[in-house]
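Novice: Take this structure, written in structure tokens, and hold onto it; I'll ask about it next.
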Amino acid sequence: MAPSLTKNAALDVMGLVDGSLPLSIALKGSSFIANGHPFLTEVPDNIIATPSPFLYLKSMDANANAIAKNTVGWFVGFDADEPKSRHVVPVGKLRDIRFMSIFRFKVWWTTHWVGSNGHELEHETQMLILDKNDSLGRPYVLLLPIIEGSFRASLQPGLDDYVDMCVESGSTRVCGSSFRSCLYIHAGDDPFRLVKEAMKVIRVHLGSFKLLEEKTPPCIVDKFGWCTWDAFYLNVHPEGVWEGVKGLVEGGCPPGMVLIDDGWQSICHDEDPITDQEGINRTSAGEQMPCRLIKFEENYKFREYRSPSGRGMGAFVRDLKEQFKGVEQVYVWHAFCGYWGGIRPNVPGMPEAKVIAPNLSPGLQMTMEDLAVDKIVNNGVGLVPPHLAHHMYEGLHSHLESAGIDGVKVDVIHLLEMLAEEYGGRVDLAKAYYKALTASVKKHFKGNGVIASMEHCNDFFLLGTKSIALGRVGDDFWCTDPSGDPNGTYWLQGCHMVHCTYNSLWMGNFIHPDWDMFQSTHPCAEFHAASRAISGGPIYVSDCVGKHNFKLLKSLVLPDGSILRCEYHALPTRDCLFEDPLHDGKTMLKIWNLNKYTGVLGLFNCQGGGWCPVTRRNKSVSEFSHAVTCSASPKDIEWSNGKRPMCIKEVDVFAVYLFKDNKLKLMKSSDKFEVSLEPFSFELLTVSPVTVFSKRLIQFAPIGLVNMLNSGGAIQSLEFDDHACQAKIGVRGCGEMRVFASEKPISCKIDGEAVKFDYEDKMVRVQVPWPSSSTLSMVELLF
């Protein structure tokens, strides 16, 4: 883990800008330039740019002294004529430079958007990257709206291709006219390092969050999980949860994490009497959203659970963990403000609350129509005053901890910005709530027992991630289109993958990306499973009780309920960054990630639907849903950009295994081949660097367990004895192990015992049993 970037420590690591160093970015005349080439022109006179006092070092080692001269950044602000609570300020004109961006298409969720001109931007843009131009020598440029004082910034389209900056407090009582650091601009030659290095600068500048590398995600990221949502929705009950876990265990896929989603809390509408049958009639989709929390304890369904060990939620959780030993973690859902409609005022035993009428900013009014937003706006939110927020979280979390609950999924997070008028604005209100939540999670759930959800806005990432280390990076998994489009069963799955892939480029610096649940019996289940397998995040399903595709699940889950998780989080390949994999009819979504000893490249045809800027919603574009062809190459994988970079300078050849095609290719780094895929189908490529035994010039590369979607994730250790021409591979899991070898081995042993193996098409094939004691099986090949 990297050193904690406290402000003082970081200033020791990050050198001050030396005036003699050449800067990559400057405001020269009326243009922002990068390496001497304009990227924003006709910059207004009131725009003020200040060079960052921080330069990110190539090494975070305390003894490092090599300054990365090509990652200089500038803070940008402006002066306005009069104090206001909301300013929209042109920054400069963007013309004919390809960009990729992350914008809020819903109040709660962001996604990817591309274009080439300022007018093509979307409102509520959270991050903007401009493509480099090699012939000019212009590097990649990142524009990152951030927080300054009590104001928060975003980008949006302006007139005549201007990029506008929207700076707002969320309260008419909080006004300002002079800003110096509401936007940060950063340049670099590598788009992945560009974002990472910029985040380190902002980390030091704001001091209000921690980077993912400074935190530890909860242990659920390494376990298979089951969520009750799509199985029961609001009708979840103890017997159903028990049967759901039982079925998965008996099918050979024991969940290590159980998430009891919405439906366990004590809620009711304001007009409902408070009885022992809380919320009994509020089980239809959306009907629960106007409800408010009336007690911290579980509702009657869980409260009336009885067994020899006791009664209530606590007894149920104890019994569940005792009966099913693999269940190590039980999480429950709750909303950021207690419930969708907050806390019901004037209820004995509950903290003070006041119903606030939400106010949607002009930017939020440009987002997609959403049932949750409509319900919340129409019925208001019972908000606990910020100085009492700690009482709400303490009351809820202390009860859950006493019941044996290990963590919480905190949903409906980005709500406060609509409620901030009376409470000092969105930034101050958010700070108070995140401080209270963080303290409670540290006290009751080991500091990291949280899945953050519906949180896609820079307020959360810049203010709420001091301890939260796991969060959703995409909109919900929708089994079908809630708007009624029958084709949504398919095209919405492509949207989901694009959300998660591109959002992770930004969010993965703060939180460990969670790609959400899916159902193993869905028509696109294998499509989802392949993406989850290489996502690097947790894998959990929301299967209905007794309805499972165990063959598919066993390609994700090991017999002990663990998973073969990649070392890093999945990201788009460079050639996809500035393309549209949803509705241009030609671009394949290409995703890369790294295992300990192999790379993995996922190819997904997601074409068929996505954001429509005219109708302001996601919609089908079936004319683009057809076969797509792309190239694939070992160089698509960012070998040096993972959590543990892999050095491939000395590697001449890679063994590339195609999961669906069941074929092996030998390729040089610069080689490429074409892959064609039908809509909503995929291919996974395990890419393994080839080692050569110098004594006999035998080529060797482990592939992994080919019965698992993330085949290469099974390889946990690798040793070569060049003199003896022997390789030892530590394998986690069971099934068919394959290894590329240019010659047939003399012998193969597993844990010291000689075993049979096949050798065909330059591949060694051997069956690896599930180990009885050790977590790894040691496969030895002698040549």
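Labels for the structure tokens follow display order: chains A, B, ..., residues from 1 in each chain, ligands from 1.
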Please provide the set of residues having any atom within 9 Å of Met366 in chain A, restricted to only C-alpha atoms, with same-chain residues fewer than 3 positions apart removed, written as a PyMOL selection string.

Specialist: chain A and resi 105-106+122-124+361-363+369+616

Novice: Which residues, written as a list in words, have at least one atom at most 6 Å from range 201-210 of chain A, with only C-alpha atoms counted and residues fewer than 3 positions away on the same chain left out?

Specialist: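 Near range 201-210 of chain A, the qualifying residues are Lys7, Ala198, Leu462, Leu463, Thr465 and Lys466 of chain A.
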
Novice: Go ahead and save the residues from that selection, with all heavy atoms, as a PDB file, in the first residue's frame.

Specialist:
ATOM      1  N   LYS A   7      -1.299  15.883   3.978  1.00  0.00           N
ATOM      2  CA  LYS A   7      -0.860  17.062   3.235  1.00  0.00           C
ATOM      3  C   LYS A   7       0.649  17.289   3.374  1.00  0.00           C
ATOM      4  O   LYS A   7       1.351  17.518   2.404  1.00  0.00           O
ATOM      5  CB  LYS A   7      -1.631  18.294   3.703  1.00  0.00           C
ATOM      6  CG  LYS A   7      -1.514  19.469   2.758  1.00  0.00           C
ATOM      7  CD  LYS A   7      -2.839  20.195   2.618  1.00  0.00           C
ATOM      8  CE  LYS A   7      -2.788  21.204   1.480  1.00  0.00           C
ATOM      9  NZ  LYS A   7      -4.094  21.778   1.201  1.00  0.00           N
ATOM     10  N   ALA A 198      -3.470  13.082 -11.752  1.00  0.00           N
ATOM     11  CA  ALA A 198      -4.303  14.240 -11.437  1.00  0.00           C
ATOM     12  C   ALA A 198      -5.031  14.030 -10.114  1.00  0.00           C
ATOM     13  O   ALA A 198      -5.155  14.960  -9.303  1.00  0.00           O
ATOM     14  CB  ALA A 198      -5.306  14.490 -12.559  1.00  0.00           C
ATOM     15  N   LEU A 462     -15.227  13.351  -3.886  1.00  0.00           N
ATOM     16  CA  LEU A 462     -14.277  14.302  -3.313  1.00  0.00           C
ATOM     17  C   LEU A 462     -14.509  14.564  -1.830  1.00  0.00           C
ATOM     18  O   LEU A 462     -13.629  15.127  -1.161  1.00  0.00           O
ATOM     19  CB  LEU A 462     -14.340  15.617  -4.087  1.00  0.00           C
ATOM     20  CG  LEU A 462     -13.972  15.534  -5.573  1.00  0.00           C
ATOM     21  CD1 LEU A 462     -14.199  16.871  -6.255  1.00  0.00           C
ATOM     22  CD2 LEU A 462     -12.533  15.070  -5.772  1.00  0.00           C
ATOM     23  N   LEU A 463     -15.666  14.156  -1.298  1.00  0.00           N
ATOM     24  CA  LEU A 463     -15.984  14.434   0.103  1.00  0.00           C
ATOM     25  C   LEU A 463     -16.316  13.188   0.918  1.00  0.00           C
ATOM     26  O   LEU A 463     -16.148  13.194   2.147  1.00  0.00           O
ATOM     27  CB  LEU A 463     -17.179  15.400   0.195  1.00  0.00           C
ATOM     28  CG  LEU A 463     -17.009  16.787  -0.410  1.00  0.00           C
ATOM     29  CD1 LEU A 463     -18.343  17.541  -0.388  1.00  0.00           C
ATOM     30  CD2 LEU A 463     -15.941  17.574   0.343  1.00  0.00           C
ATOM     31  N   THR A 465     -15.268   9.786   0.541  1.00  0.00           N
ATOM     32  CA  THR A 465     -14.517   8.536   0.371  1.00  0.00           C
ATOM     33  C   THR A 465     -13.266   8.461   1.252  1.00  0.00           C
ATOM     34  O   THR A 465     -12.261   7.884   0.852  1.00  0.00           O
ATOM     35  CB  THR A 465     -14.130   8.348  -1.112  1.00  0.00           C
ATOM     36  OG1 THR A 465     -13.425   9.511  -1.567  1.00  0.00           O
ATOM     37  CG2 THR A 465     -15.357   8.142  -1.975  1.00  0.00           C
ATOM     38  N   LYS A 466     -13.336   9.032   2.439  1.00  0.00           N
ATOM     39  CA  LYS A 466     -12.195   8.893   3.352  1.00  0.00           C
ATOM     40  C   LYS A 466     -12.045   7.452   3.823  1.00  0.00           C
ATOM     41  O   LYS A 466     -10.926   6.988   4.073  1.00  0.00           O
ATOM     42  CB  LYS A 466     -12.346   9.833   4.547  1.00  0.00           C
ATOM     43  CG  LYS A 466     -11.910  11.254   4.248  1.00  0.00           C
ATOM     44  CD  LYS A 466     -11.740  12.078   5.507  1.00  0.00           C
ATOM     45  CE  LYS A 466     -11.098  13.426   5.184  1.00  0.00           C
ATOM     46  NZ  LYS A 466     -10.916  14.268   6.376  1.00  0.00           N
TER      47      LYS A 466
END

Novice: Hey, can you check how far CA of Leu594 in chain A sits from CA of Ala570 in chain A?

Specialist: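 A separation of 8.2 Å between them.
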
Novice: For the strand (DSSP E) assignment from backbone DSSP, which residues of range 505-728 of chain A qualify? Please present them as a ChimeraX atom specification.

Specialist: /A:512-514,539-541,571-572,589-594,599-604,609-612,617-620,628-632,654-658,663-667,673-677,682-689,691-693,698-705,715-721,726-728

Novice: List the spatial neighbours of Ser307 in chain A as a list of chain:residue names - criterion: any atom at most 10 Å away, only C-alpha atoms, same-chain residues fewer than 5 positions off excluded.

Specialist: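 In the requested form, the answer reads A:Gly312, A:Ala315, A:Phe316, A:Asp319.
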
Novice: So, with only C-alpha atoms as the atoms that count, which of A:Gly247, A:Ile563, A:Met667, A:Gly342 lies closest to Lys547 in chain A?

Specialist: A:Gly247

Novice: Let me make sure I understand: among A:Val114, A:Val764, A:Glu168, A:Val163, which one has the smallest atom-to-atom distance to Gly425 in chain A if we use only C-alpha atoms?

Specialist: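 Using only C-alpha atoms, Gly425 in chain A sits closest to A:Glu168.
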
Novice: Step one, run DSSP on the backbone; step two, keep only residues of range 574-775 of chain A assigned to helix (DSSP H, G or I); then write them as a compact mmCIF listing (two decimals) with N, CA, C and O atoms, in the first residue's frame.

Specialist:
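out_34.txt, written as the output of this step:
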# COMPACT_ATOMS: atom_id res chain seq x y z
N ARG A 574 -7.09 1.64 -24.99
CA ARG A 574 -6.83 2.99 -25.53
C ARG A 574 -7.62 3.28 -26.80
O ARG A 574 -8.10 4.40 -27.01
N ASP A 575 -7.74 2.25 -27.66
CA ASP A 575 -8.43 2.50 -28.93
C ASP A 575 -9.94 2.60 -28.77
O ASP A 575 -10.65 2.86 -29.74
N CYS A 576 -10.46 2.39 -27.54
CA CYS A 576 -11.89 2.55 -27.28
C CYS A 576 -12.21 3.85 -26.55
O CYS A 576 -13.38 4.23 -26.46
N SER A 622 -31.77 0.04 -32.79
CA SER A 622 -31.64 -1.33 -33.30
C SER A 622 -30.89 -1.39 -34.63
O SER A 622 -30.33 -2.43 -34.98
N GLU A 623 -30.87 -0.28 -35.37
CA GLU A 623 -30.17 -0.30 -36.66
C GLU A 623 -28.66 -0.51 -36.49
O GLU A 623 -27.96 -0.88 -37.44
N PHE A 624 -28.15 -0.27 -35.30
CA PHE A 624 -26.72 -0.48 -35.05
C PHE A 624 -26.42 -1.81 -34.37
O PHE A 624 -25.27 -2.12 -34.09
N PRO A 634 -1.87 -8.25 -28.03
CA PRO A 634 -1.30 -8.19 -26.67
C PRO A 634 -1.04 -6.77 -26.19
O PRO A 634 -1.12 -6.48 -25.00
N LYS A 635 -0.78 -5.85 -27.12
CA LYS A 635 -0.48 -4.47 -26.71
C LYS A 635 -1.74 -3.71 -26.28
O LYS A 635 -1.64 -2.60 -25.77
N ASP A 636 -2.93 -4.31 -26.49
CA ASP A 636 -4.15 -3.69 -25.98
C ASP A 636 -4.18 -3.68 -24.46
O ASP A 636 -4.90 -2.89 -23.85
N SER A 711 -9.62 -17.42 -16.76
CA SER A 711 -8.72 -18.58 -16.70
C SER A 711 -7.40 -18.26 -16.03
O SER A 711 -6.92 -18.99 -15.16
N GLY A 712 -6.77 -17.16 -16.44
CA GLY A 712 -5.45 -16.81 -15.93
C GLY A 712 -5.43 -16.43 -14.46
O GLY A 712 -4.36 -16.43 -13.83
N GLY A 713 -6.61 -16.10 -13.89
CA GLY A 713 -6.66 -15.76 -12.48
C GLY A 713 -6.35 -16.93 -11.56
O GLY A 713 -6.07 -16.73 -10.38
N ALA A 714 -6.38 -18.14 -12.11
CA ALA A 714 -6.08 -19.33 -11.30
C ALA A 714 -4.60 -19.46 -10.97
O ALA A 714 -4.23 -20.15 -10.01

Novice: What is the CA of Pro572 in chain A to CA of Lys590 in chain A distance in Å?

Specialist: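 For CA of Pro572 in chain A relative to CA of Lys590 in chain A, the distance reads 5.7 Å.
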
Novice: Applying 8 Å and only C-alpha atoms, which residues near Pro769 in chain A remain after dropping the ones on its own chain fewer than 5 positions away? List them as JSON, numbers by chain.

Specialist: {"A": [733, 734, 735]}

Novice: Would you mind exporting C-alpha atoms of the selected residues as a PDB file, in the first residue's frame?

Specialist:
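Result file out35.pdb:
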ATOM      1  CA  GLY A 733      -9.261 -23.823  -8.169  1.00  0.00           C
ATOM      2  CA  CYS A 734     -10.055 -27.043  -9.961  1.00  0.00           C
ATOM      3  CA  GLY A 735     -10.754 -28.181 -13.485  1.00  0.00           C
TER       4      GLY A 735
END

Novice: Using Å and a single decimal, report how far CA of His87 in chain A sits from CA of Leu40 in chain A.

Specialist: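 Pair CA of Leu40 in chain A / CA of His87 in chain A returns 19.7 Å.
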
Novice: What's the 9 Å shell around Val236 in chain A, counting only C-alpha atoms, without same-chain residues fewer than 5 positions away, as a list of chain:residue names?

Specialist: A:Thr228, A:Trp229, A:Ala231, A:Val241, A:Ile260, A:Asp261, A:Asp262, A:Gly263, A:Trp264, A:Lys301

Novice: For the residues in the current selection, export N, CA, C and O atoms as a short mmCIF file (atom, residue, chain, number, x, y, z; two decimals), in the first residue's frame.

Specialist:
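out-v5.cif, written as the output of this step:
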data_model
loop_
_atom_site.label_atom_id
_atom_site.label_comp_id
_atom_site.auth_asym_id
_atom_site.auth_seq_id
_atom_site.Cartn_x
_atom_site.Cartn_y
_atom_site.Cartn_z
N THR A 228 -30.78 -10.27 -2.56
CA THR A 228 -32.20 -10.64 -2.57
C THR A 228 -33.06 -9.81 -3.51
O THR A 228 -34.23 -10.12 -3.70
N TRP A 229 -32.52 -8.74 -4.10
CA TRP A 229 -33.38 -7.76 -4.77
C TRP A 229 -34.24 -8.35 -5.88
O TRP A 229 -35.47 -8.38 -5.80
N ALA A 231 -34.70 -11.29 -6.67
CA ALA A 231 -35.36 -12.52 -6.25
C ALA A 231 -36.69 -12.23 -5.56
O ALA A 231 -37.67 -12.97 -5.73
N VAL A 241 -34.87 -16.01 2.18
CA VAL A 241 -33.41 -15.84 2.20
C VAL A 241 -32.75 -17.19 2.51
O VAL A 241 -31.76 -17.58 1.87
N ILE A 260 -29.09 -8.59 2.02
CA ILE A 260 -30.53 -8.43 2.17
C ILE A 260 -30.87 -7.01 1.73
O ILE A 260 -30.57 -6.05 2.42
N ASP A 261 -31.50 -6.91 0.58
CA ASP A 261 -31.76 -5.60 -0.03
C ASP A 261 -33.03 -4.99 0.56
O ASP A 261 -33.57 -5.47 1.56
N ASP A 262 -33.50 -3.93 -0.06
CA ASP A 262 -34.67 -3.18 0.41
C ASP A 262 -35.83 -4.13 0.71
O ASP A 262 -36.11 -5.06 -0.06
N GLY A 263 -36.53 -3.88 1.81
CA GLY A 263 -37.68 -4.70 2.18
C GLY A 263 -37.62 -5.21 3.61
O GLY A 263 -38.58 -5.81 4.10
N TRP A 264 -36.53 -4.94 4.33
CA TRP A 264 -36.38 -5.45 5.70
C TRP A 264 -36.69 -4.38 6.76
O TRP A 264 -36.85 -4.70 7.95
N LYS A 301 -41.54 -8.86 9.44
CA LYS A 301 -41.17 -10.11 8.77
C LYS A 301 -39.92 -10.72 9.40
O LYS A 301 -39.85 -11.95 9.60
#

Novice: Pick from A:Met313, A:Leu415, A:Met763, A:Ala403: nearest to Gly382 in chain A, with only C-alpha atoms counted?

Specialist: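 Nearest candidate to Gly382 in chain A out of A:Met313, A:Leu415, A:Met763, A:Ala403: A:Leu415.
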
Novice: Excluding same-chain residues fewer than 3 positions from range 688-701 of chain A, what lies within 6 Å of it counting only C-alpha atoms, as a ChimeraX atom specification?

Specialist: /A:598,653-655,722,739-742
